[in-house]
$ cat data_10.cif   # mmCIF, C-alpha atoms
data_upload
loop_
_atom_site.group_PDB
_atom_site.id
_atom_site.type_symbol
_atom_site.label_atom_id
_atom_site.label_comp_id
_atom_site.auth_asym_id
_atom_site.auth_seq_id
_atom_site.Cartn_x
_atom_site.Cartn_y
_atom_site.Cartn_z
ATOM 1 C CA MET L 164 -1.690 1.598 -13.209
ATOM 2 C CA LEU L 165 -1.133 0.899 -9.527
ATOM 3 C CA THR L 166 1.072 3.189 -7.456
ATOM 4 C CA ILE L 167 2.485 1.015 -4.683
ATOM 5 C CA SER L 168 4.043 2.467 -1.531
ATOM 6 C CA ALA L 169 6.683 0.981 0.757
ATOM 7 C CA ALA L 170 4.004 0.024 3.268
ATOM 8 C CA GLU L 171 2.037 -1.774 0.563
ATOM 9 C CA VAL L 172 5.165 -3.676 -0.516
ATOM 10 C CA ASP L 173 5.543 -4.815 3.095
ATOM 11 C CA ARG L 174 1.944 -6.037 3.160
ATOM 12 C CA ALA L 175 2.272 -7.843 -0.170
ATOM 13 C CA LEU L 176 5.379 -9.908 0.590
ATOM 14 C CA THR L 177 6.563 -12.503 3.091
ATOM 15 C CA PHE L 178 10.161 -13.567 3.525
ATOM 16 C CA PRO L 179 9.585 -17.309 2.975
ATOM 17 C CA GLY L 180 7.369 -16.535 -0.003
ATOM 18 C CA LEU L 181 9.811 -14.200 -1.720
ATOM 19 C CA VAL L 182 12.725 -16.594 -1.164
ATOM 20 C CA GLU L 183 10.783 -19.244 -3.081
ATOM 21 C CA THR L 184 9.798 -16.707 -5.759
ATOM 22 C CA LEU L 185 13.472 -15.882 -6.289
ATOM 23 C CA ARG L 186 14.390 -19.573 -6.333
ATOM 24 C CA ALA L 187 11.947 -20.083 -9.208
ATOM 25 C CA ALA L 188 13.166 -16.938 -10.969
ATOM 26 C CA PHE L 189 16.816 -18.027 -10.922
ATOM 27 C CA ARG L 190 15.783 -21.502 -12.053
ATOM 28 C CA ASP L 191 13.639 -20.243 -14.942
ATOM 29 C CA GLY L 192 15.727 -17.218 -15.938
ATOM 30 C CA ALA L 193 14.877 -13.873 -17.545
ATOM 31 C CA VAL L 194 16.395 -11.518 -20.086
ATOM 32 C CA GLN L 195 18.741 -9.121 -18.265
ATOM 33 C CA PRO L 196 20.551 -6.533 -20.402
ATOM 34 C CA VAL L 197 23.629 -4.943 -18.881
ATOM 35 C CA ARG L 198 22.591 -2.235 -16.441
ATOM 36 C CA HIS L 199 23.063 1.363 -17.581
ATOM 37 C CA HIS L 200 25.313 3.729 -15.580
ATOM 38 C CA HIS L 201 25.098 7.437 -16.429
ATOM 39 C CA ALA L 202 26.935 10.262 -14.683
ATOM 40 C CA VAL L 203 24.760 13.345 -14.211
ATOM 41 C CA GLU L 204 27.127 16.287 -13.831
ATOM 42 C CA ARG L 205 26.071 19.177 -11.589
ATOM 43 C CA PRO L 206 27.573 22.673 -11.527
ATOM 44 C CA ASP L 207 27.450 23.059 -7.746
ATOM 45 C CA GLY L 208 28.203 19.660 -6.228
ATOM 46 C CA GLU L 209 29.235 16.062 -6.692
ATOM 47 C CA ALA L 210 27.846 14.316 -9.757
ATOM 48 C CA SER L 211 24.831 12.087 -9.379
ATOM 49 C CA THR L 212 24.572 8.642 -10.942
ATOM 50 C CA LEU L 213 21.544 7.446 -12.877
ATOM 51 C CA LEU L 214 21.135 3.668 -12.975
ATOM 52 C CA LEU L 215 18.685 1.847 -15.248
ATOM 53 C CA MET L 216 18.176 -1.882 -14.629
ATOM 54 C CA PRO L 217 15.842 -3.575 -17.134
ATOM 55 C CA ALA L 218 14.645 -7.168 -17.323
ATOM 56 C CA TRP L 219 11.800 -9.049 -18.929
ATOM 57 C CA THR L 220 10.281 -12.481 -19.052
ATOM 58 C CA ASP L 221 12.236 -14.873 -21.252
ATOM 59 C CA PHE L 222 9.374 -15.868 -23.552
ATOM 60 C CA ASN L 223 11.532 -18.234 -25.606
ATOM 61 C CA ALA L 224 12.662 -20.170 -22.547
ATOM 62 C CA ALA L 225 9.148 -20.209 -21.113
ATOM 63 C CA GLY L 226 7.630 -21.355 -24.371
ATOM 64 C CA THR L 227 4.859 -18.774 -24.215
ATOM 65 C CA SER L 228 4.044 -15.561 -26.039
ATOM 66 C CA SER L 229 1.693 -14.007 -23.492
ATOM 67 C CA GLY L 230 1.349 -13.323 -19.802
ATOM 68 C CA GLY L 231 4.844 -11.994 -19.210
ATOM 69 C CA HIS L 232 6.198 -8.740 -17.865
ATOM 70 C CA ILE L 233 8.822 -6.087 -18.551
ATOM 71 C CA GLY L 234 10.355 -4.177 -15.687
ATOM 72 C CA VAL L 235 12.939 -1.476 -15.135
ATOM 73 C CA LYS L 236 14.364 -0.106 -11.924
ATOM 74 C CA ILE L 237 15.310 3.555 -12.077
ATOM 75 C CA VAL L 238 17.778 4.604 -9.390
ATOM 76 C CA THR L 239 19.604 7.840 -8.649
ATOM 77 C CA VAL L 240 22.598 8.072 -6.344
ATOM 78 C CA SER L 241 23.176 11.656 -5.180
ATOM 79 C CA PRO L 242 25.950 11.782 -2.556
ATOM 80 C CA ASP L 243 25.228 15.409 -1.608
ATOM 81 C CA ASN L 244 21.754 14.453 -0.354
ATOM 82 C CA ASN L 245 23.208 13.382 2.981
ATOM 83 C CA ALA L 246 24.031 17.009 3.775
ATOM 84 C CA ILE L 247 20.359 17.971 3.497
ATOM 85 C CA GLY L 248 18.971 15.019 5.406
ATOM 86 C CA LYS L 249 17.757 13.002 2.427
ATOM 87 C CA PRO L 250 18.755 9.479 1.338
ATOM 88 C CA ALA L 251 21.561 9.361 -1.186
ATOM 89 C CA VAL L 252 19.797 6.561 -3.066
ATOM 90 C CA MET L 253 16.335 7.074 -4.541
ATOM 91 C CA GLY L 254 14.486 4.664 -6.774
ATOM 92 C CA LEU L 255 11.310 3.500 -8.445
ATOM 93 C CA TYR L 256 10.349 0.261 -10.152
ATOM 94 C CA LEU L 257 8.167 0.373 -13.264
ATOM 95 C CA LEU L 258 6.363 -2.846 -14.200
ATOM 96 C CA LEU L 259 4.874 -3.204 -17.685
ATOM 97 C CA ASN L 260 2.664 -5.745 -19.400
ATOM 98 C CA GLY L 261 4.976 -7.949 -21.431
ATOM 99 C CA SER L 262 2.590 -8.270 -24.388
ATOM 100 C CA THR L 263 1.284 -4.719 -24.786
ATOM 101 C CA GLY L 264 3.846 -2.598 -22.941
ATOM 102 C CA GLU L 265 1.093 -1.003 -20.849
ATOM 103 C CA PRO L 266 2.238 0.269 -17.419
ATOM 104 C CA GLU L 267 0.907 -1.973 -14.652
ATOM 105 C CA ALA L 268 2.556 -0.663 -11.502
ATOM 106 C CA LEU L 269 4.929 1.970 -10.161
ATOM 107 C CA ILE L 270 6.523 0.521 -7.023
ATOM 108 C CA ASP L 271 8.620 2.073 -4.258
ATOM 109 C CA GLY L 272 12.128 1.154 -5.411
ATOM 110 C CA GLN L 273 13.979 1.366 -2.110
ATOM 111 C CA ARG L 274 11.628 -1.005 -0.335
ATOM 112 C CA LEU L 275 11.503 -3.471 -3.237
ATOM 113 C CA THR L 276 15.315 -3.498 -3.285
ATOM 114 C CA GLN L 277 15.529 -4.146 0.457
ATOM 115 C CA TRP L 278 13.191 -7.120 0.194
ATOM 116 C CA ARG L 279 14.777 -8.708 -2.863
ATOM 117 C CA THR L 280 18.347 -8.165 -1.683
ATOM 118 C CA ALA L 281 17.729 -9.749 1.709
ATOM 119 C CA CYS L 282 15.793 -12.637 0.212
ATOM 120 C CA ALA L 283 18.530 -13.311 -2.364
ATOM 121 C CA SER L 284 20.938 -13.667 0.567
ATOM 122 C CA ALA L 285 18.504 -16.016 2.299
ATOM 123 C CA LEU L 286 18.116 -18.000 -0.911
ATOM 124 C CA ALA L 287 21.888 -18.469 -1.026
ATOM 125 C CA ALA L 288 21.908 -19.418 2.663
ATOM 126 C CA SER L 289 19.324 -22.100 1.986
ATOM 127 C CA TYR L 290 22.026 -23.863 -0.059
ATOM 128 C CA LEU L 291 25.141 -22.763 1.812
ATOM 129 C CA ALA L 292 24.436 -22.321 5.535
ATOM 130 C CA ARG L 293 24.396 -25.289 7.901
ATOM 131 C CA ASP L 294 20.909 -26.656 8.513
ATOM 132 C CA ASP L 295 21.341 -26.033 12.238
ATOM 133 C CA ALA L 296 22.708 -22.484 11.937
ATOM 134 C CA SER L 297 21.266 -20.618 14.912
ATOM 135 C CA ARG L 298 23.554 -17.632 15.618
ATOM 136 C CA LEU L 299 23.423 -14.731 13.162
ATOM 137 C CA LEU L 300 25.814 -11.779 13.122
ATOM 138 C CA VAL L 301 24.730 -8.763 11.055
ATOM 139 C CA ILE L 302 27.469 -6.238 10.310
ATOM 140 C CA GLY L 303 26.110 -2.786 9.557
ATOM 141 C CA ALA L 304 23.016 -1.048 10.890
ATOM 142 C CA GLY L 305 21.646 0.616 7.793
ATOM 143 C CA ALA L 306 18.173 0.220 6.317
ATOM 144 C CA LEU L 307 18.986 -3.240 4.967
ATOM 145 C CA SER L 308 20.145 -4.656 8.312
ATOM 146 C CA PRO L 309 16.739 -5.692 9.753
ATOM 147 C CA PHE L 310 15.686 -7.148 6.405
ATOM 148 C CA LEU L 311 18.737 -9.412 6.397
ATOM 149 C CA ALA L 312 17.935 -10.547 9.938
ATOM 150 C CA ARG L 313 14.337 -11.357 9.029
ATOM 151 C CA ALA L 314 15.242 -13.095 5.765
ATOM 152 C CA HIS L 315 17.944 -15.346 7.230
ATOM 153 C CA SER L 316 15.575 -16.221 10.077
ATOM 154 C CA ALA L 317 13.061 -17.399 7.467
ATOM 155 C CA VAL L 318 15.381 -20.121 6.132
ATOM 156 C CA ARG L 319 17.410 -21.185 9.182
ATOM 157 C CA PRO L 320 16.526 -21.758 12.891
ATOM 158 C CA ILE L 321 18.060 -18.493 14.099
ATOM 159 C CA LYS L 322 17.927 -18.184 17.888
ATOM 160 C CA THR L 323 20.156 -15.189 18.519
ATOM 161 C CA ILE L 324 20.901 -12.138 16.364
ATOM 162 C CA ARG L 325 23.829 -9.833 17.055
ATOM 163 C CA ILE L 326 24.120 -6.442 15.358
ATOM 164 C CA TRP L 327 27.503 -4.707 15.041
ATOM 165 C CA ASN L 328 28.008 -1.205 13.694
ATOM 166 C CA ARG L 329 30.788 1.385 13.881
ATOM 167 C CA THR L 330 28.260 3.656 15.616
ATOM 168 C CA PRO L 331 26.972 1.563 18.548
ATOM 169 C CA ASP L 332 23.808 3.623 18.988
ATOM 170 C CA ASN L 333 22.650 2.613 15.517
ATOM 171 C CA ALA L 334 23.208 -1.064 16.303
ATOM 172 C CA GLU L 335 21.204 -0.638 19.513
ATOM 173 C CA LYS L 336 18.303 0.846 17.574
ATOM 174 C CA VAL L 337 18.182 -1.962 14.999
ATOM 175 C CA ALA L 338 18.376 -4.560 17.767
ATOM 176 C CA ALA L 339 15.568 -2.882 19.711
ATOM 177 C CA ASP L 340 13.326 -2.781 16.650
ATOM 178 C CA LEU L 341 13.952 -6.485 15.996
ATOM 179 C CA CYS L 342 13.256 -7.309 19.638
ATOM 180 C CA ALA L 343 9.922 -5.532 19.327
ATOM 181 C CA GLU L 344 9.105 -7.976 16.505
ATOM 182 C CA GLY L 345 9.931 -10.963 18.719
ATOM 183 C CA PHE L 346 13.522 -11.666 17.655
ATOM 184 C CA ALA L 347 16.253 -12.307 20.239
ATOM 185 C CA ALA L 348 18.464 -9.466 19.013
ATOM 186 C CA SER L 349 21.140 -7.430 20.754
ATOM 187 C CA ALA L 350 23.942 -5.052 19.869
ATOM 188 C CA ALA L 351 27.536 -6.300 19.744
ATOM 189 C CA THR L 352 30.635 -4.311 20.643
ATOM 190 C CA ASP L 353 33.519 -6.718 19.899
ATOM 191 C CA LEU L 354 33.365 -7.610 16.216
ATOM 192 C CA ASP L 355 36.331 -9.982 16.279
ATOM 193 C CA ALA L 356 34.807 -12.004 19.111
ATOM 194 C CA GLU L 357 31.464 -12.201 17.319
ATOM 195 C CA LEU L 358 33.114 -13.461 14.117
ATOM 196 C CA GLY L 359 34.417 -16.449 16.050
ATOM 197 C CA GLN L 360 30.978 -17.397 17.358
ATOM 198 C CA ALA L 361 28.578 -16.793 14.460
ATOM 199 C CA ASP L 362 27.058 -19.503 12.266
ATOM 200 C CA ILE L 363 26.068 -16.921 9.643
ATOM 201 C CA VAL L 364 27.832 -13.579 9.117
ATOM 202 C CA SER L 365 25.790 -11.172 6.987
ATOM 203 C CA SER L 366 27.528 -7.901 6.120
ATOM 204 C CA ALA L 367 25.983 -4.829 4.497
ATOM 205 C CA THR L 368 28.505 -1.987 4.609
ATOM 206 C CA ILE L 369 30.358 0.230 2.160
ATOM 207 C CA THR L 370 33.753 -0.238 3.784
ATOM 208 C CA THR L 371 36.950 -0.317 1.757
ATOM 209 C CA THR L 372 38.852 -1.853 4.689
ATOM 210 C CA PRO L 373 37.818 -5.486 5.265
ATOM 211 C CA LEU L 374 35.920 -6.088 8.492
ATOM 212 C CA ILE L 375 35.609 -9.875 8.203
ATOM 213 C CA LYS L 376 38.869 -11.617 9.072
ATOM 214 C CA GLY L 377 39.048 -15.118 7.708
ATOM 215 C CA ALA L 378 41.367 -16.329 10.457
ATOM 216 C CA LEU L 379 38.650 -15.690 13.041
ATOM 217 C CA LEU L 380 35.879 -17.663 11.310
ATOM 218 C CA ARG L 381 35.102 -21.026 12.857
ATOM 219 C CA PRO L 382 34.556 -24.135 10.705
ATOM 220 C CA GLY L 383 31.041 -24.319 9.276
ATOM 221 C CA THR L 384 30.456 -20.576 9.081
ATOM 222 C CA HIS L 385 28.529 -19.093 6.166
ATOM 223 C CA VAL L 386 29.576 -15.572 5.118
ATOM 224 C CA ASP L 387 27.033 -13.409 3.265
ATOM 225 C CA LEU L 388 28.511 -10.277 1.656
ATOM 226 C CA VAL L 389 25.936 -7.736 0.536
ATOM 227 C CA GLY L 390 27.299 -4.225 0.890
ATOM 228 C CA GLY L 391 30.346 -3.654 -1.308
ATOM 229 C CA PHE L 392 29.132 -2.748 -4.783
ATOM 230 C CA THR L 393 32.248 -1.299 -6.429
ATOM 231 C CA PRO L 394 35.699 -2.797 -7.127
ATOM 232 C CA THR L 395 37.235 -0.601 -4.396
ATOM 233 C CA MET L 396 34.838 -1.705 -1.622
ATOM 234 C CA ARG L 397 35.680 -4.845 0.287
ATOM 235 C CA GLU L 398 34.086 -6.417 3.377
ATOM 236 C CA SER L 399 36.178 -9.619 3.706
ATOM 237 C CA ASP L 400 39.931 -10.115 3.745
ATOM 238 C CA ASP L 401 42.139 -12.498 1.763
ATOM 239 C CA GLY L 402 41.988 -14.994 4.603
ATOM 240 C CA ALA L 403 38.235 -15.344 4.251
ATOM 241 C CA ILE L 404 38.491 -15.909 0.507
ATOM 242 C CA ALA L 405 41.318 -18.417 0.938
ATOM 243 C CA ARG L 406 39.442 -20.490 3.539
ATOM 244 C CA ALA L 407 36.027 -20.487 1.859
ATOM 245 C CA ARG L 408 34.188 -22.123 -0.994
ATOM 246 C CA VAL L 409 33.110 -19.037 -2.955
ATOM 247 C CA TYR L 410 29.688 -18.441 -4.535
ATOM 248 C CA VAL L 411 28.099 -15.407 -6.231
ATOM 249 C CA ASP L 412 24.646 -14.256 -7.306
ATOM 250 C CA THR L 413 25.739 -13.755 -10.937
ATOM 251 C CA ARG L 414 29.226 -14.374 -12.284
ATOM 252 C CA ALA L 415 29.114 -11.463 -14.725
ATOM 253 C CA GLY L 416 28.143 -8.955 -12.051
ATOM 254 C CA ALA L 417 30.314 -10.145 -9.165
ATOM 255 C CA THR L 418 33.501 -10.562 -11.196
ATOM 256 C CA ARG L 419 33.171 -7.051 -12.612
ATOM 257 C CA GLU L 420 31.691 -4.953 -9.802
ATOM 258 C CA ALA L 421 32.421 -6.513 -6.387
ATOM 259 C CA GLY L 422 35.740 -5.732 -4.700
ATOM 260 C CA ASP L 423 35.458 -8.902 -2.599
ATOM 261 C CA ILE L 424 35.737 -10.868 -5.841
ATOM 262 C CA VAL L 425 37.503 -8.448 -8.216
ATOM 263 C CA GLN L 426 40.509 -7.839 -5.952
ATOM 264 C CA PRO L 427 41.289 -11.519 -5.186
ATOM 265 C CA LEU L 428 40.900 -12.315 -8.885
ATOM 266 C CA ALA L 429 43.338 -9.537 -9.790
ATOM 267 C CA SER L 430 45.920 -10.729 -7.247
ATOM 268 C CA GLY L 431 45.611 -14.360 -8.283
ATOM 269 C CA LEU L 432 44.405 -15.472 -4.867
ATOM 270 C CA LEU L 433 41.066 -16.471 -6.391
ATOM 271 C CA LYS L 434 40.964 -18.245 -9.744
ATOM 272 C CA PRO L 435 37.851 -17.791 -11.916
ATOM 273 C CA ASP L 436 37.134 -21.518 -11.852
ATOM 274 C CA ALA L 437 37.308 -21.492 -8.046
ATOM 275 C CA ILE L 438 33.974 -19.627 -7.960
ATOM 276 C CA VAL L 439 31.942 -22.748 -7.328
ATOM 277 C CA ALA L 440 28.515 -21.605 -8.535
ATOM 278 C CA ASP L 441 26.084 -18.756 -8.981
ATOM 279 C CA LEU L 442 22.430 -18.689 -7.974
ATOM 280 C CA HIS L 443 21.286 -19.861 -11.412
ATOM 281 C CA GLU L 444 23.394 -23.012 -11.101
ATOM 282 C CA LEU L 445 22.336 -23.657 -7.506
ATOM 283 C CA ALA L 446 18.638 -23.166 -8.254
ATOM 284 C CA ARG L 447 18.830 -25.483 -11.267
ATOM 285 C CA GLY L 448 20.734 -28.172 -9.357
ATOM 286 C CA GLN L 449 23.678 -27.892 -11.733
ATOM 287 C CA LYS L 450 26.188 -27.229 -8.940
ATOM 288 C CA LYS L 451 26.287 -28.214 -5.289
ATOM 289 C CA GLY L 452 26.031 -25.941 -2.300
ATOM 290 C CA ARG L 453 27.440 -26.907 1.089
ATOM 291 C CA THR L 454 29.050 -30.348 1.013
ATOM 292 C CA SER L 455 30.184 -30.781 4.633
ATOM 293 C CA PRO L 456 29.344 -29.411 8.096
ATOM 294 C CA ASP L 457 32.806 -27.935 8.636
ATOM 295 C CA GLU L 458 33.470 -26.076 5.400
ATOM 296 C CA ILE L 459 33.306 -22.283 5.292
ATOM 297 C CA THR L 460 31.100 -20.896 2.531
ATOM 298 C CA LEU L 461 31.115 -17.333 1.199
ATOM 299 C CA PHE L 462 28.417 -15.722 -0.964
ATOM 300 C CA LYS L 463 28.839 -12.371 -2.679
ATOM 301 C CA SER L 464 25.875 -10.535 -4.192
ATOM 302 C CA VAL L 465 25.798 -7.386 -6.296
ATOM 303 C CA GLY L 466 22.128 -7.581 -7.286
ATOM 304 C CA ALA L 467 20.412 -8.709 -10.455
ATOM 305 C CA ALA L 468 17.577 -7.171 -12.438
ATOM 306 C CA LEU L 469 15.905 -10.581 -12.454
ATOM 307 C CA GLU L 470 15.408 -10.241 -8.681
ATOM 308 C CA ASP L 471 13.648 -6.887 -9.053
ATOM 309 C CA LEU L 472 11.423 -8.257 -11.803
ATOM 310 C CA ALA L 473 10.397 -11.311 -9.795
ATOM 311 C CA ALA L 474 9.734 -9.270 -6.665
ATOM 312 C CA GLY L 475 7.840 -6.606 -8.612
ATOM 313 C CA ILE L 476 5.583 -9.211 -10.236
ATOM 314 C CA ALA L 477 4.934 -10.789 -6.829
ATOM 315 C CA VAL L 478 3.918 -7.429 -5.348
ATOM 316 C CA TYR L 479 1.690 -6.590 -8.318
ATOM 317 C CA ASN L 480 -0.048 -9.967 -8.274
ATOM 318 C CA ALA L 481 -0.707 -9.648 -4.553
ATOM 319 C CA LEU L 482 -2.250 -6.181 -4.791
ATOM 320 C CA LYS L 483 -4.053 -6.009 -8.124
ATOM 321 C CA ALA L 484 -7.833 -6.116 -7.973
#
$ encode --input "data_10.cif" --output "structure tokens"
Amino acid sequence: MLTISAAEVDRALTFPGLVETLRAAFRDGAVQPVRHHHAVERPDGEASTLLLMPAWTDFNAAGTSSGGHIGVKIVTVSPDNNAIGKPAVMGLYLLLNGSTGEPEALIDGQRLTQWRTACASALAASYLARDDASRLLVIGAGALSPFLARAHSAVRPIKTIRIWNRTPDNAEKVAADLCAEGFAASAATDLDAELGQADIVSSATITTTPLIKGALLRPGTHVDLVGGFTPTMRESDDGAIARARVYVDTRAGATREAGDIVQPLASGLLKPDAIVADLHELARGQKKGRTSPDEITLFKSVGAALEDLAAGIAVYNALKA
């Protein structure tokens, strides 16, 4: 069994390559049981959460009985870790042989998640962003921020990248790191002004107060919502939902877990049939993406086990002897 570090994941993957891997995965499908959520009570602090996200090759759909894989991502969320200088989210990805169940690889879960999440957003942008989109605004300066910048730049001709964060120093650091890689990146201070200039707005925060104001978006903007992963978190306001054609990564996940979708559904602002398509339907050509240069599109992702499986297989195939 291979033990694969974050650095090895970085060496194994490319952004254009993983976008196409995910396109094929959403087209072909996989078996994805509902993810497991378990509260782990602690006597001396806030409870941790154990998440188990399994998926495996859909042998029936593929018409084969060999050569597939089983995978499970194991994640813990321990809020008290921040007080001791450790990440709140820890994770590993276990990849198994689909025929025998033998372990094939144990992969750094945080890095795999960063890659697949960013590339899922870029996959959506390949259908939803204008072909000439050149100005990217990234909201949030966490670990995912530079991955989103790199991934969107792999599918659209991005010329300028602006990073906004509540703590400006963090935005400056992300921008400097991207500049060192050759990107034209800089920190932004006026979020409202940036919203009115961006071609793509990619947000990865855990805010419960919407930061993206629909009234400020110019025609043709594509909005990519990554961060909010509970029904109480929300990155975009009602105006953004009302003005946009809405898309999701998976209908089951987004309509149950994502505040940007759950709250407008509950209020009646967004009707279930107004969610135009998910990534399965886009990848299979069953539904259309962008239909005009001036429409505003909005994509909400919550993550899918299929993405982890596809990315894990790609890493394993790149590194196995």
$ residues_around --input "data_10.cif" --residues "Arg313 in chain L" --least-positions-apart "2" --cutoff "9 Å" --atoms "only C-alpha atoms" --output "VMD selection string"
chain L and resid 178 281 308 to 311 315 to 317 341 346
$ resolve_selection --input "data_10.cif" --expression "the PyMOL selection byres ((chain L and resi 327) around 10)" --output "MDAnalysis selection string"
chainID L and resid 300:304 308 325:326 328:335 337:338 349:354 357 366
$ residues_near_point --input "data_10.cif" --point "(39.0, -6.8, 6.0)" --cutoff "7 Å" --atoms "all atoms listed in the file" --output "ChimeraX atom specification"
/L:372-376,397-400
$ closest_atom_pairs --input "data_10.cif" --of "range 219-311 of chain L" --to "range 442-462 of chain L" --cutoff "12 Å" --atoms "only C-alpha atoms" --output "Markdown table"
| residue | atom | partner | partner_atom | distance |
| --- | --- | --- | --- | --- |
| L:Ala283 | CA | L:Leu442 | CA | 8.7 |
| L:Ser284 | CA | L:Phe462 | CA | 7.9 |
| L:Ala285 | CA | L:Phe462 | CA | 10.4 |
| L:Leu286 | CA | L:Leu442 | CA | 8.3 |
| L:Ala287 | CA | L:Leu442 | CA | 7.0 |
| L:Ala288 | CA | L:Phe462 | CA | 8.3 |
| L:Ser289 | CA | L:Gly452 | CA | 8.8 |
| L:Tyr290 | CA | L:Gly452 | CA | 5.0 |
| L:Leu291 | CA | L:Arg453 | CA | 4.8 |
| L:Ala292 | CA | L:Arg453 | CA | 7.1 |
| L:Arg293 | CA | L:Pro456 | CA | 6.4 |
| L:Asp294 | CA | L:Pro456 | CA | 8.9 |
| L:Asp295 | CA | L:Pro456 | CA | 9.6 |
| L:Ala296 | CA | L:Pro456 | CA | 10.3 |
$ write_last_selection --input "data_10.cif" --atoms "C-alpha atoms" --output "mmCIF file, in the frame of the given file"
data_model
loop_
_atom_site.group_PDB
_atom_site.id
_atom_site.type_symbol
_atom_site.label_atom_id
_atom_site.label_comp_id
_atom_site.auth_asym_id
_atom_site.auth_seq_id
_atom_site.Cartn_x
_atom_site.Cartn_y
_atom_site.Cartn_z
ATOM 1 C CA ALA L 283 18.530 -13.311 -2.364
ATOM 2 C CA SER L 284 20.938 -13.667 0.567
ATOM 3 C CA ALA L 285 18.504 -16.016 2.299
ATOM 4 C CA LEU L 286 18.116 -18.000 -0.911
ATOM 5 C CA ALA L 287 21.888 -18.469 -1.026
ATOM 6 C CA ALA L 288 21.908 -19.418 2.663
ATOM 7 C CA SER L 289 19.324 -22.100 1.986
ATOM 8 C CA TYR L 290 22.026 -23.863 -0.059
ATOM 9 C CA LEU L 291 25.141 -22.763 1.812
ATOM 10 C CA ALA L 292 24.436 -22.321 5.535
ATOM 11 C CA ARG L 293 24.396 -25.289 7.901
ATOM 12 C CA ASP L 294 20.909 -26.656 8.513
ATOM 13 C CA ASP L 295 21.341 -26.033 12.238
ATOM 14 C CA ALA L 296 22.708 -22.484 11.937
#
$ axis_aligned_box --input "data_10.cif" --around "range 311-330 of chain L" --padding-each-side "5 Å" --output "JSON"
{"center_x": 21.9, "center_y": -9.1, "center_z": 12.1, "size_x": 27.7, "size_y": 35.4, "size_z": 22.8}
$ atom_distance --input "data_10.cif" --atom1 "CA of Ile321 in chain L" --atom2 "CA of Leu299 in chain L"
6.6 Å
$ closest_residue --input "data_10.cif" --among "L:Val197, L:Glu171, L:Arg279, L:Glu183" --to "Leu472 in chain L" --atoms "all atoms listed in the file"
L:Arg279
$ closest_residue --input "data_10.cif" --among "L:Asp221, L:Asp355, L:Asp340, L:Asp243" --to "Gly377 in chain L" --atoms "all atoms listed in the file"
L:Asp355
$ atom_distance --input "data_10.cif" --atom1 "CA of Asp423 in chain L" --atom2 "CA of Thr395 in chain L"
8.7 Å
$ atom_distance --input "data_10.cif" --atom1 "CA of Ala405 in chain L" --atom2 "CA of Lys463 in chain L"
14.3 Å
$ residues_around --input "data_10.cif" --residues "Ile167 in chain L" --least-positions-apart "3" --cutoff "10 Å" --atoms "only C-alpha atoms" --output "PDB file with C-alpha atoms, in the coordinates of the input"
ATOM      1  CA  MET L 164      -1.690   1.598 -13.209  1.00  0.00           C
ATOM      2  CA  ALA L 170       4.004   0.024   3.268  1.00  0.00           C
ATOM      3  CA  GLU L 171       2.037  -1.774   0.563  1.00  0.00           C
ATOM      4  CA  VAL L 172       5.165  -3.676  -0.516  1.00  0.00           C
ATOM      5  CA  ALA L 175       2.272  -7.843  -0.170  1.00  0.00           C
ATOM      6  CA  LEU L 255      11.310   3.500  -8.445  1.00  0.00           C
ATOM      7  CA  TYR L 256      10.349   0.261 -10.152  1.00  0.00           C
ATOM      8  CA  ALA L 268       2.556  -0.663 -11.502  1.00  0.00           C
ATOM      9  CA  LEU L 269       4.929   1.970 -10.161  1.00  0.00           C
ATOM     10  CA  ILE L 270       6.523   0.521  -7.023  1.00  0.00           C
ATOM     11  CA  ASP L 271       8.620   2.073  -4.258  1.00  0.00           C
ATOM     12  CA  GLY L 272      12.128   1.154  -5.411  1.00  0.00           C
ATOM     13  CA  VAL L 478       3.918  -7.429  -5.348  1.00  0.00           C
ATOM     14  CA  TYR L 479       1.690  -6.590  -8.318  1.00  0.00           C
ATOM     15  CA  LEU L 482      -2.250  -6.181  -4.791  1.00  0.00           C
TER      16      LEU L 482
END
$ residues_around --input "data_10.cif" --residues "Gly254 in chain L" --least-positions-apart "4" --cutoff "9 Å" --atoms "all atoms listed in the file" --output "list in words"
Lys236, Ile237, Val238, Thr239, Val240, Ile270, Asp271, Gly272, Gln273 and Thr276 of chain L
$ resolve_selection --input "data_10.cif" --expression "the PyMOL selection byres ((chain L and resi 473) around 12)" --output "MDAnalysis selection string"
chainID L and resid 176 180:194 217:220 231:235 256 258 275:276 278:280 282:283 467:472 474:480
$ closest_residue --input "data_10.cif" --among "L:Ile438, L:Pro320, L:Leu214, L:Ala251" --to "His200 in chain L" --atoms "all atoms listed in the file"
L:Leu214
$ closest_residue --input "data_10.cif" --among "L:Gly391, L:Ile404, L:Val318, L:Ala429" --to "Val465 in chain L" --atoms "all atoms listed in the file"
L:Gly391
